[in-house]
file target.cif (mmCIF, C-alpha atoms)
data_final
#
loop_
_atom_site.label_atom_id
_atom_site.label_comp_id
_atom_site.auth_asym_id
_atom_site.auth_seq_id
_atom_site.Cartn_x
_atom_site.Cartn_y
_atom_site.Cartn_z
CA MET A 5 -17.92 55.57 -0.61
CA MET A 6 -16.76 52.17 -1.85
CA LEU A 7 -15.06 53.44 -5.01
CA LYS A 8 -12.98 55.95 -3.07
CA ALA A 9 -11.90 53.28 -0.57
CA LYS A 10 -11.00 50.82 -3.34
CA ILE A 11 -8.86 53.41 -5.13
CA LEU A 12 -7.11 54.64 -1.99
CA ASN A 13 -6.52 51.07 -0.80
CA ARG A 14 -5.11 50.22 -4.25
CA GLU A 15 -7.51 47.31 -4.74
CA ALA A 16 -7.50 45.12 -7.83
CA GLY A 17 -10.74 44.32 -9.60
CA ILE A 18 -12.38 47.76 -9.82
CA VAL A 19 -14.99 47.63 -12.62
CA THR A 20 -16.50 50.72 -14.23
CA TYR A 21 -18.72 51.36 -17.24
CA GLY A 22 -18.27 54.29 -19.60
CA ILE A 23 -20.85 56.30 -21.52
CA THR A 24 -20.83 59.35 -23.76
CA PRO A 25 -23.60 61.91 -23.10
CA PRO A 26 -26.19 62.40 -25.85
CA LYS A 27 -25.63 64.90 -28.63
CA ILE A 28 -26.45 68.46 -27.66
CA ASN A 29 -28.75 68.94 -30.68
CA HIS A 30 -31.20 66.27 -29.50
CA THR A 31 -34.59 67.39 -28.24
CA PRO A 32 -35.12 67.30 -24.43
CA GLU A 33 -37.54 64.39 -24.96
CA LYS A 34 -34.93 62.42 -26.90
CA ILE A 35 -32.26 63.09 -24.27
CA ALA A 36 -34.62 61.92 -21.52
CA GLU A 37 -35.38 58.78 -23.53
CA ILE A 38 -31.66 57.99 -23.96
CA ALA A 39 -31.00 58.64 -20.26
CA GLN A 40 -33.84 56.30 -19.27
CA LYS A 41 -32.40 53.49 -21.40
CA GLN A 42 -28.96 54.03 -19.91
CA TYR A 43 -30.42 54.04 -16.40
CA GLU A 44 -32.22 50.75 -17.00
CA ARG A 45 -29.08 49.10 -18.38
CA ILE A 46 -26.75 50.32 -15.63
CA LYS A 47 -28.79 50.38 -12.40
CA ASP A 48 -28.39 46.68 -11.57
CA LEU A 49 -24.92 46.11 -13.08
CA GLY A 50 -23.13 46.27 -9.74
CA ILE A 51 -20.30 48.44 -11.09
CA ASP A 52 -17.98 50.47 -8.88
CA GLY A 53 -18.37 53.64 -10.91
CA LEU A 54 -19.85 55.19 -14.04
CA ILE A 55 -17.48 57.07 -16.34
CA ILE A 56 -19.08 59.93 -18.26
CA TYR A 57 -16.87 61.15 -21.08
CA ASP A 58 -16.18 64.72 -22.13
CA VAL A 59 -15.79 64.57 -25.91
CA GLN A 60 -13.51 66.85 -27.90
CA ASP A 61 -12.99 67.17 -31.66
CA GLU A 62 -9.79 65.30 -32.53
CA ALA A 63 -9.57 66.34 -36.18
CA ASP A 64 -6.07 67.82 -35.58
CA ARG A 65 -4.75 64.45 -34.40
CA VAL A 66 -4.87 62.55 -37.71
CA ASP A 67 -5.11 63.38 -41.41
CA GLN A 68 -7.77 60.76 -42.19
CA GLU A 69 -11.38 61.84 -42.30
CA ARG A 70 -13.36 60.88 -39.21
CA PRO A 71 -15.62 57.84 -40.01
CA PHE A 72 -18.44 59.32 -37.94
CA PRO A 73 -18.99 63.11 -37.84
CA TYR A 74 -18.04 64.97 -34.66
CA LEU A 75 -21.08 66.38 -32.90
CA GLN A 76 -20.96 68.26 -29.62
CA THR A 77 -22.38 66.38 -26.63
CA ILE A 78 -24.05 67.52 -23.41
CA ASP A 79 -21.63 68.56 -20.69
CA PRO A 80 -20.88 65.50 -18.46
CA THR A 81 -21.71 67.37 -15.26
CA VAL A 82 -25.04 68.59 -16.60
CA TYR A 83 -25.93 65.11 -17.87
CA SER A 84 -24.89 63.47 -14.61
CA LYS A 85 -26.94 65.80 -12.42
CA GLN A 86 -30.01 66.52 -14.54
CA TYR A 87 -30.53 63.14 -16.19
CA LEU A 88 -28.70 60.47 -14.17
CA GLY A 89 -29.01 61.88 -10.66
CA ARG A 90 -31.16 58.95 -9.47
CA LEU A 91 -28.53 56.44 -10.58
CA ASP A 92 -26.91 55.46 -7.28
CA VAL A 93 -23.42 54.89 -8.66
CA PRO A 94 -20.32 57.09 -8.19
CA LYS A 95 -19.78 59.19 -11.32
CA ILE A 96 -16.29 59.68 -12.75
CA LEU A 97 -16.47 62.77 -14.94
CA TYR A 98 -13.93 63.27 -17.70
CA ARG A 99 -12.77 66.85 -18.28
CA CYS A 100 -11.00 67.89 -21.50
CA VAL A 101 -9.23 70.71 -19.71
CA GLY A 102 -7.95 72.49 -22.83
CA LYS A 103 -11.51 73.58 -23.68
CA TYR A 104 -11.84 75.64 -20.52
CA SER A 105 -10.33 78.87 -19.28
CA GLU A 106 -8.74 78.89 -15.83
CA ALA A 107 -11.79 80.73 -14.44
CA GLU A 108 -14.22 78.21 -15.99
CA LEU A 109 -12.36 75.18 -14.65
CA ALA A 110 -11.87 76.82 -11.26
CA GLU A 111 -15.62 77.37 -10.98
CA TRP A 112 -16.27 73.71 -11.82
CA ILE A 113 -13.61 72.49 -9.36
CA GLN A 114 -15.09 74.52 -6.49
CA ALA A 115 -18.70 73.42 -7.11
CA ASP A 116 -20.41 71.05 -4.66
CA PRO A 117 -18.14 71.85 -1.69
CA GLY A 118 -17.81 69.08 0.87
CA GLU A 119 -18.70 66.31 -1.60
CA ASP A 120 -16.38 63.52 -2.70
CA ARG A 121 -16.00 63.72 -6.46
CA PHE A 122 -14.10 61.78 -9.12
CA SER A 123 -12.63 63.14 -12.32
CA VAL A 124 -10.19 62.24 -15.08
CA TYR A 125 -8.46 65.23 -16.63
CA VAL A 126 -7.64 64.88 -20.33
CA GLY A 127 -5.05 66.96 -22.14
CA ALA A 128 -4.78 67.98 -25.80
CA SER A 129 -5.38 65.23 -28.37
CA SER A 130 -2.33 66.41 -30.32
CA SER A 131 0.46 69.00 -30.21
CA LYS A 132 -1.42 70.95 -32.92
CA GLN A 133 -4.51 71.48 -30.78
CA GLU A 134 -4.92 74.95 -29.31
CA VAL A 135 -5.68 74.84 -25.59
CA LYS A 136 -6.73 77.42 -23.02
CA LEU A 137 -5.30 75.40 -20.14
CA THR A 138 -2.61 72.71 -19.99
CA LEU A 139 -2.89 69.45 -18.07
CA PRO A 140 -0.27 70.39 -15.42
CA GLU A 141 -2.04 73.73 -14.88
CA ALA A 142 -5.36 71.91 -14.38
CA TYR A 143 -3.79 69.52 -11.86
CA GLU A 144 -2.31 72.40 -9.86
CA LEU A 145 -5.60 74.28 -9.91
CA SER A 146 -7.45 71.22 -8.64
CA LYS A 147 -4.93 70.60 -5.87
CA LYS A 148 -5.18 74.23 -4.74
CA LEU A 149 -8.96 74.61 -4.87
CA ASN A 150 -10.54 71.27 -3.89
CA ASP A 151 -8.93 68.28 -2.20
CA ARG A 152 -12.22 66.33 -2.34
CA ILE A 153 -11.81 65.60 -6.07
CA LEU A 154 -10.10 62.25 -6.48
CA LEU A 155 -8.16 62.57 -9.71
CA GLY A 156 -7.51 59.94 -12.34
CA GLY A 157 -5.38 60.08 -15.46
CA VAL A 158 -5.38 58.69 -18.98
CA VAL A 159 -2.82 56.02 -19.89
CA ILE A 160 -2.08 54.94 -23.47
CA PRO A 161 -0.02 51.72 -23.44
CA GLU A 162 0.25 51.74 -27.25
CA ARG A 163 2.18 55.02 -27.02
CA HIS A 164 4.72 53.13 -24.93
CA GLU A 165 5.64 50.98 -27.94
CA ALA A 166 6.95 53.99 -29.83
CA ARG A 167 8.35 56.15 -27.04
CA ARG A 168 9.04 53.74 -24.16
CA ASP A 169 8.09 56.46 -21.67
CA GLU A 170 4.39 55.95 -20.86
CA HIS A 171 5.30 54.71 -17.37
CA LEU A 172 7.18 57.97 -16.78
CA ARG A 173 4.12 59.95 -17.93
CA VAL A 174 2.04 57.97 -15.44
CA LEU A 175 4.55 58.65 -12.66
CA SER A 176 4.50 62.37 -13.50
CA LYS A 177 0.69 62.40 -13.31
CA MET A 178 0.87 60.55 -9.97
CA LYS A 179 3.13 63.33 -8.65
CA HIS A 180 0.44 65.79 -9.74
CA GLY A 181 -2.16 63.90 -7.71
CA CYS A 182 -3.55 61.15 -9.98
CA GLN A 183 -4.52 58.11 -7.91
CA PHE A 184 -5.86 55.83 -10.65
CA PHE A 185 -5.63 55.50 -14.42
CA VAL A 186 -7.97 54.53 -17.26
CA SER A 187 -6.61 53.32 -20.60
CA GLN A 188 -8.06 53.84 -24.02
CA ALA A 189 -9.73 50.76 -25.52
CA THR A 190 -7.34 47.81 -25.28
CA TYR A 191 -6.79 45.12 -27.86
CA ASN A 192 -2.97 45.07 -27.87
CA VAL A 193 -2.01 42.86 -24.93
CA GLU A 194 1.73 43.03 -25.71
CA ALA A 195 1.83 46.83 -25.58
CA SER A 196 -0.15 46.79 -22.33
CA LYS A 197 2.12 44.21 -20.68
CA ASN A 198 5.24 46.07 -21.82
CA PHE A 199 3.91 49.23 -20.19
CA LEU A 200 2.93 47.40 -16.99
CA SER A 201 6.33 45.73 -16.76
CA ASP A 202 8.25 49.02 -17.05
CA TYR A 203 5.80 50.70 -14.68
CA TYR A 204 6.19 47.92 -12.10
CA TYR A 205 9.99 47.72 -12.16
CA TYR A 206 10.43 51.49 -12.08
CA CYS A 207 8.11 51.71 -9.07
CA GLU A 208 9.89 48.81 -7.37
CA ALA A 209 13.32 50.39 -7.90
CA ASN A 210 12.13 53.74 -6.57
CA GLU A 211 9.96 52.38 -3.72
CA ILE A 212 6.74 53.81 -5.17
CA GLU A 213 3.39 52.08 -4.73
CA THR A 214 1.57 51.30 -7.97
CA VAL A 215 -1.98 52.64 -8.27
CA PRO A 216 -5.03 51.07 -9.96
CA VAL A 217 -4.93 50.85 -13.75
CA LEU A 218 -8.31 50.22 -15.40
CA PHE A 219 -7.98 48.71 -18.85
CA ASN A 220 -10.76 49.81 -21.16
CA LEU A 221 -12.58 47.19 -23.24
CA ALA A 222 -14.92 48.04 -26.11
CA PRO A 223 -16.75 45.48 -28.27
CA CYS A 224 -16.46 45.83 -32.04
CA GLY A 225 -19.57 44.78 -33.92
CA SER A 226 -19.00 45.91 -37.50
CA PRO A 227 -16.30 46.89 -40.02
CA LYS A 228 -17.46 50.52 -39.57
CA THR A 229 -16.85 50.34 -35.81
CA LEU A 230 -13.43 48.78 -36.48
CA GLU A 231 -12.60 51.65 -38.82
CA PHE A 232 -13.67 54.19 -36.17
CA MET A 233 -11.60 52.44 -33.47
CA LYS A 234 -8.51 52.66 -35.67
CA TRP A 235 -9.24 56.34 -36.35
CA LEU A 236 -9.42 56.92 -32.58
CA GLY A 237 -5.87 55.57 -32.34
CA ILE A 238 -6.77 52.22 -30.78
CA SER A 239 -3.97 49.76 -31.55
CA ILE A 240 -5.35 46.58 -33.10
CA PRO A 241 -2.65 44.04 -34.02
CA ARG A 242 -2.83 42.76 -37.58
CA TRP A 243 -3.59 39.18 -36.56
CA LEU A 244 -6.44 40.37 -34.36
CA GLU A 245 -7.85 42.62 -37.06
CA ASN A 246 -7.88 39.60 -39.38
CA GLU A 247 -9.65 37.52 -36.73
CA LEU A 248 -12.37 40.15 -36.49
CA THR A 249 -12.65 40.88 -40.20
CA TYR A 250 -12.93 37.26 -41.28
CA SER A 251 -15.01 35.93 -38.39
CA GLN A 252 -18.59 34.84 -38.99
CA ASP A 253 -19.70 36.95 -36.00
CA ILE A 254 -17.41 39.95 -35.52
CA LEU A 255 -19.17 41.08 -32.34
CA GLU A 256 -19.00 37.71 -30.60
CA LYS A 257 -15.34 37.37 -31.64
CA SER A 258 -14.40 40.82 -30.29
CA VAL A 259 -16.09 40.13 -26.94
CA SER A 260 -14.28 36.80 -26.65
CA LEU A 261 -10.92 38.38 -27.52
CA SER A 262 -11.54 41.27 -25.10
CA ARG A 263 -12.17 38.82 -22.25
CA LYS A 264 -8.92 36.99 -23.03
CA VAL A 265 -6.97 40.26 -23.19
CA PHE A 266 -8.28 41.35 -19.81
CA GLU A 267 -7.70 37.97 -18.15
CA GLU A 268 -4.08 38.00 -19.30
CA LEU A 269 -3.52 41.55 -18.04
CA TYR A 270 -5.33 40.86 -14.76
CA ASP A 271 -3.24 37.73 -14.12
CA PHE A 272 -0.06 39.64 -14.99
CA GLY A 273 -1.02 42.36 -12.51
CA MET A 274 -1.88 39.83 -9.80
CA GLU A 275 1.57 38.26 -10.10
CA LYS A 276 3.25 41.65 -9.72
CA GLY A 277 0.89 43.18 -7.20
CA ILE A 278 -0.31 45.86 -9.64
CA PRO A 279 -4.01 46.64 -8.96
CA ILE A 280 -5.60 45.98 -12.35
CA GLY A 281 -9.24 46.84 -13.00
CA CYS A 282 -11.49 47.20 -16.01
CA SER A 283 -13.66 49.80 -17.66
CA VAL A 284 -16.08 48.78 -20.41
CA GLU A 285 -17.76 50.99 -23.00
CA SER A 286 -19.36 50.86 -26.43
CA VAL A 287 -17.86 53.26 -28.96
CA SER A 288 -20.91 52.57 -31.13
CA THR A 289 -24.49 53.69 -30.55
CA ARG A 290 -25.85 50.50 -32.15
CA LYS A 291 -28.09 48.65 -29.70
CA VAL A 292 -26.45 45.27 -30.35
CA GLU A 293 -22.97 46.63 -29.52
CA ILE A 294 -24.22 48.43 -26.40
CA GLU A 295 -25.89 45.22 -25.19
CA ALA A 296 -22.67 43.32 -25.86
CA SER A 297 -20.77 45.83 -23.71
CA ILE A 298 -23.22 45.27 -20.84
CA GLN A 299 -22.72 41.51 -21.14
CA LEU A 300 -18.95 42.05 -21.21
CA VAL A 301 -19.16 43.85 -17.85
CA LYS A 302 -20.88 40.78 -16.36
CA ASP A 303 -18.28 38.47 -17.92
CA ILE A 304 -15.43 40.52 -16.46
CA GLN A 305 -17.06 40.57 -13.02
CA SER A 306 -17.38 36.77 -13.16
CA CYS A 307 -13.72 36.50 -14.18
CA ILE A 308 -12.50 38.76 -11.37
CA LYS A 309 -14.45 37.32 -8.45
CA PRO A 310 -13.00 33.78 -8.38
CA LYS A 311 -9.43 35.07 -8.73
CA ALA A 312 -9.94 37.68 -6.04
CA GLY A 313 -11.32 35.01 -3.73
CA VAL A 314 -14.76 36.61 -3.49
#
call {"tool": "encode", "arguments": {"input": "target.cif", "output": "structure tokens"}}
result
Amino acid sequence: MMLKAKILNREAGIVTYGITPPKINHTPEKIAEIAQKQYERIKDLGIDGLIIYDVQDEADRVDQERPFPYLQTIDPTVYSKQYLGRLDVPKILYRCVGKYSEAELAEWIQADPGEDRFSVYVGASSSKQEVKLTLPEAYELSKKLNDRILLGGVVIPERHEARRDEHLRVLSKMKHGCQFFVSQATYNVEASKNFLSDYYYYCEANEIETVPVLFNLAPCGSPKTLEFMKWLGISIPRWLENELTYSQDILEKSVSLSRKVFEELYDFGMEKGIPIGCSVESVSTRKVEIEASIQLVKDIQSCIKPKAGV
């Protein structure tokens, strides 16, 4: 499988696309309709993998009211198998491990024996959130029960600005078996470069090989989407927020800025030998923002290929 080889070989330029499964309260017909649209958009994109998110309520994380109401979504595994099975792209399934008991997660880990699988385990959204299983416990369970699951981890470069320890969190997750990382949506290039720099020099000093880091890009097409991104904890520098807010076309501006952010991070990684990749998503369900995210994937692929010598 190409994705597995690229991760294990620590290749730069991995490109994935992320989707959230439909809401669980949709009718079967509506779910099938959404899945068909997603299939049509993704099937010819030429991505290395499809990320399918596992959504959890993050109301404990911040005091502000959520701009869009939280609604439970279909389980990523169910959606992947029952609705997107014909999509011939490796699926990277997110797992919010705190929602599951040890027995529930163990059953999921041991399913599909003999198959290569990809997953990103996600911990609690805040220290206030009650969990049935911690992230380290989930890693240990996975290591013990199924060595065919290639594990990824979440990285939050913006957290590095406050605590200066995100690279140490990444190293800890690598010790637990994580072989690639996916960031939350990235608009703050300084925070991301600060994290990469500390990550690189720590690894160099300790003779540790860096692993692929996929920076997430998400177009912003309206003030409401911008408000939701900020609620999610996405760091948007003041100057950049002004650029979006006062632009004549907020969506076009956000796509342009996202491309520039990625190019700068990709070049920085190339200089250091850090395998930088990209994951694109739309945090909005608006058609125009989804279509912009698909175009952004193509733009990123075009940006990567010449620099990688393809």
call {"tool": "closest_residue", "arguments": {"input": "target.cif", "among": "A:Gly102, A:Leu109, A:Gln40, A:Leu255", "to": "Gly89 (chain A)", "atoms": "all atoms listed in the file"}}
result
A:Gln40
call {"tool": "resolve_selection", "arguments": {"input": "target.cif", "expression": "the PyMOL selection byres ((chain A and resi 286) around 6)", "output": "JSON, numbers by chain"}}
result
{"A": [222, 285, 287, 288, 294, 297]}
call {"tool": "closest_residue", "arguments": {"input": "target.cif", "among": "A:Phe219, A:Phe185, A:Phe272, A:Tyr98", "to": "Lys197 (chain A)", "atoms": "all atoms listed in the file"}}
result
A:Phe272
call {"tool": "residues_around", "arguments": {"input": "target.cif", "residues": "region 6-22 of chain A", "least_positions_apart": "4", "cutoff": "7 Å", "atoms": "all atoms listed in the file", "output": "PDB file with C-alpha atoms, in the frame of the given file"}}
result
ATOM      1  CA  ILE A  51     -20.300  48.440 -11.090  1.00  0.00           C
ATOM      2  CA  ASP A  52     -17.980  50.470  -8.880  1.00  0.00           C
ATOM      3  CA  GLY A  53     -18.370  53.640 -10.910  1.00  0.00           C
ATOM      4  CA  LEU A  54     -19.850  55.190 -14.040  1.00  0.00           C
ATOM      5  CA  ILE A  55     -17.480  57.070 -16.340  1.00  0.00           C
ATOM      6  CA  ILE A  56     -19.080  59.930 -18.260  1.00  0.00           C
ATOM      7  CA  GLN A 183      -4.520  58.110  -7.910  1.00  0.00           C
ATOM      8  CA  PHE A 184      -5.860  55.830 -10.650  1.00  0.00           C
ATOM      9  CA  VAL A 215      -1.980  52.640  -8.270  1.00  0.00           C
ATOM     10  CA  PRO A 216      -5.030  51.070  -9.960  1.00  0.00           C
ATOM     11  CA  PRO A 279      -4.010  46.640  -8.960  1.00  0.00           C
ATOM     12  CA  ILE A 280      -5.600  45.980 -12.350  1.00  0.00           C
ATOM     13  CA  GLY A 281      -9.240  46.840 -13.000  1.00  0.00           C
ATOM     14  CA  CYS A 282     -11.490  47.200 -16.010  1.00  0.00           C
ATOM     15  CA  SER A 283     -13.660  49.800 -17.660  1.00  0.00           C
ATOM     16  CA  VAL A 284     -16.080  48.780 -20.410  1.00  0.00           C
ATOM     17  CA  GLU A 285     -17.760  50.990 -23.000  1.00  0.00           C
ATOM     18  CA  ILE A 308     -12.500  38.760 -11.370  1.00  0.00           C
TER      19      ILE A 308
END
call {"tool": "closest_residue", "arguments": {"input": "target.cif", "among": "A:Ala142, A:Val301, A:Leu261, A:Ala115", "to": "Leu155 (chain A)", "atoms": "all atoms listed in the file"}}
result
A:Ala142
call {"tool": "residues_around", "arguments": {"input": "target.cif", "residues": "Arg121 (chain A)", "least_positions_apart": "2", "cutoff": "10 Å", "atoms": "only C-alpha atoms", "output": "PyMOL selection string"}}
result
chain A and resi 8+94-97+113+116-119+123+150-155
call {"tool": "build_atoms", "arguments": {"input": "target.cif", "residues": "region 136-161 of chain A", "atoms": "N, CA, C and O atoms", "output": "short mmCIF file (atom, residue, chain, number, x, y, z; two decimals), in the frame of the given file"}}
result
data_model
loop_
_atom_site.label_atom_id
_atom_site.label_comp_id
_atom_site.auth_asym_id
_atom_site.auth_seq_id
_atom_site.Cartn_x
_atom_site.Cartn_y
_atom_site.Cartn_z
N LYS A 136 -6.67 76.28 -23.92
CA LYS A 136 -6.73 77.42 -23.02
C LYS A 136 -5.99 77.12 -21.72
O LYS A 136 -5.54 78.03 -21.01
N LEU A 137 -5.88 75.82 -21.41
CA LEU A 137 -5.30 75.40 -20.14
C LEU A 137 -4.56 74.09 -20.37
O LEU A 137 -5.08 73.19 -21.04
N THR A 138 -3.36 73.96 -19.83
CA THR A 138 -2.61 72.71 -19.99
C THR A 138 -2.97 71.74 -18.86
O THR A 138 -3.54 72.13 -17.83
N LEU A 139 -2.61 70.48 -19.06
CA LEU A 139 -2.89 69.45 -18.07
C LEU A 139 -2.20 69.74 -16.73
O LEU A 139 -2.87 69.70 -15.68
N PRO A 140 -0.91 70.06 -16.71
CA PRO A 140 -0.27 70.39 -15.42
C PRO A 140 -0.94 71.58 -14.71
O PRO A 140 -1.07 71.58 -13.48
N GLU A 141 -1.36 72.57 -15.48
CA GLU A 141 -2.04 73.73 -14.88
C GLU A 141 -3.36 73.30 -14.24
O GLU A 141 -3.73 73.78 -13.15
N ALA A 142 -4.08 72.40 -14.91
CA ALA A 142 -5.36 71.91 -14.38
C ALA A 142 -5.14 71.12 -13.09
O ALA A 142 -5.90 71.26 -12.13
N TYR A 143 -4.10 70.29 -13.07
CA TYR A 143 -3.79 69.52 -11.86
C TYR A 143 -3.50 70.45 -10.68
O TYR A 143 -3.98 70.24 -9.56
N GLU A 144 -2.69 71.46 -10.93
CA GLU A 144 -2.31 72.40 -9.86
C GLU A 144 -3.53 73.16 -9.35
O GLU A 144 -3.68 73.39 -8.15
N LEU A 145 -4.39 73.55 -10.27
CA LEU A 145 -5.60 74.28 -9.91
C LEU A 145 -6.49 73.40 -9.02
O LEU A 145 -7.04 73.86 -8.01
N SER A 146 -6.62 72.16 -9.40
CA SER A 146 -7.45 71.22 -8.64
C SER A 146 -6.89 71.01 -7.24
O SER A 146 -7.62 71.01 -6.24
N LYS A 147 -5.58 70.83 -7.16
CA LYS A 147 -4.93 70.60 -5.87
C LYS A 147 -5.12 71.80 -4.94
O LYS A 147 -5.35 71.66 -3.74
N LYS A 148 -5.08 72.99 -5.53
CA LYS A 148 -5.18 74.23 -4.74
C LYS A 148 -6.60 74.51 -4.28
O LYS A 148 -6.82 75.02 -3.18
N LEU A 149 -7.60 74.16 -5.12
CA LEU A 149 -8.96 74.61 -4.87
C LEU A 149 -9.90 73.57 -4.24
O LEU A 149 -10.90 73.93 -3.63
N ASN A 150 -9.60 72.26 -4.41
CA ASN A 150 -10.54 71.27 -3.89
C ASN A 150 -9.86 69.91 -3.71
O ASN A 150 -9.60 69.21 -4.68
N ASP A 151 -9.59 69.56 -2.46
CA ASP A 151 -8.93 68.28 -2.20
C ASP A 151 -9.92 67.13 -2.09
O ASP A 151 -9.55 65.99 -1.78
N ARG A 152 -11.21 67.40 -2.36
CA ARG A 152 -12.22 66.33 -2.34
C ARG A 152 -12.45 65.72 -3.73
O ARG A 152 -13.28 64.84 -3.88
N ILE A 153 -11.73 66.22 -4.74
CA ILE A 153 -11.81 65.60 -6.07
C ILE A 153 -10.69 64.57 -6.18
O ILE A 153 -9.51 64.91 -6.11
N LEU A 154 -11.08 63.31 -6.32
CA LEU A 154 -10.10 62.25 -6.48
C LEU A 154 -9.78 62.13 -7.97
O LEU A 154 -10.65 61.81 -8.76
N LEU A 155 -8.55 62.43 -8.30
CA LEU A 155 -8.16 62.57 -9.71
C LEU A 155 -7.64 61.27 -10.31
O LEU A 155 -6.88 60.53 -9.68
N GLY A 156 -8.06 61.03 -11.55
CA GLY A 156 -7.51 59.94 -12.34
C GLY A 156 -6.84 60.50 -13.58
O GLY A 156 -7.00 61.67 -13.92
N GLY A 157 -6.07 59.65 -14.25
CA GLY A 157 -5.38 60.08 -15.46
C GLY A 157 -5.59 59.09 -16.59
O GLY A 157 -6.02 57.95 -16.38
N VAL A 158 -5.29 59.55 -17.80
CA VAL A 158 -5.38 58.69 -18.98
C VAL A 158 -4.03 58.03 -19.20
O VAL A 158 -2.98 58.67 -19.07
N VAL A 159 -4.04 56.73 -19.52
CA VAL A 159 -2.82 56.02 -19.89
C VAL A 159 -3.02 55.39 -21.26
O VAL A 159 -4.10 54.87 -21.56
N ILE A 160 -2.00 55.49 -22.11
CA ILE A 160 -2.08 54.94 -23.47
C ILE A 160 -0.92 53.97 -23.66
O ILE A 160 0.18 54.38 -24.08
N PRO A 161 -1.11 52.69 -23.33
CA PRO A 161 -0.02 51.72 -23.44
C PRO A 161 0.57 51.64 -24.84
O PRO A 161 1.79 51.42 -24.99
#
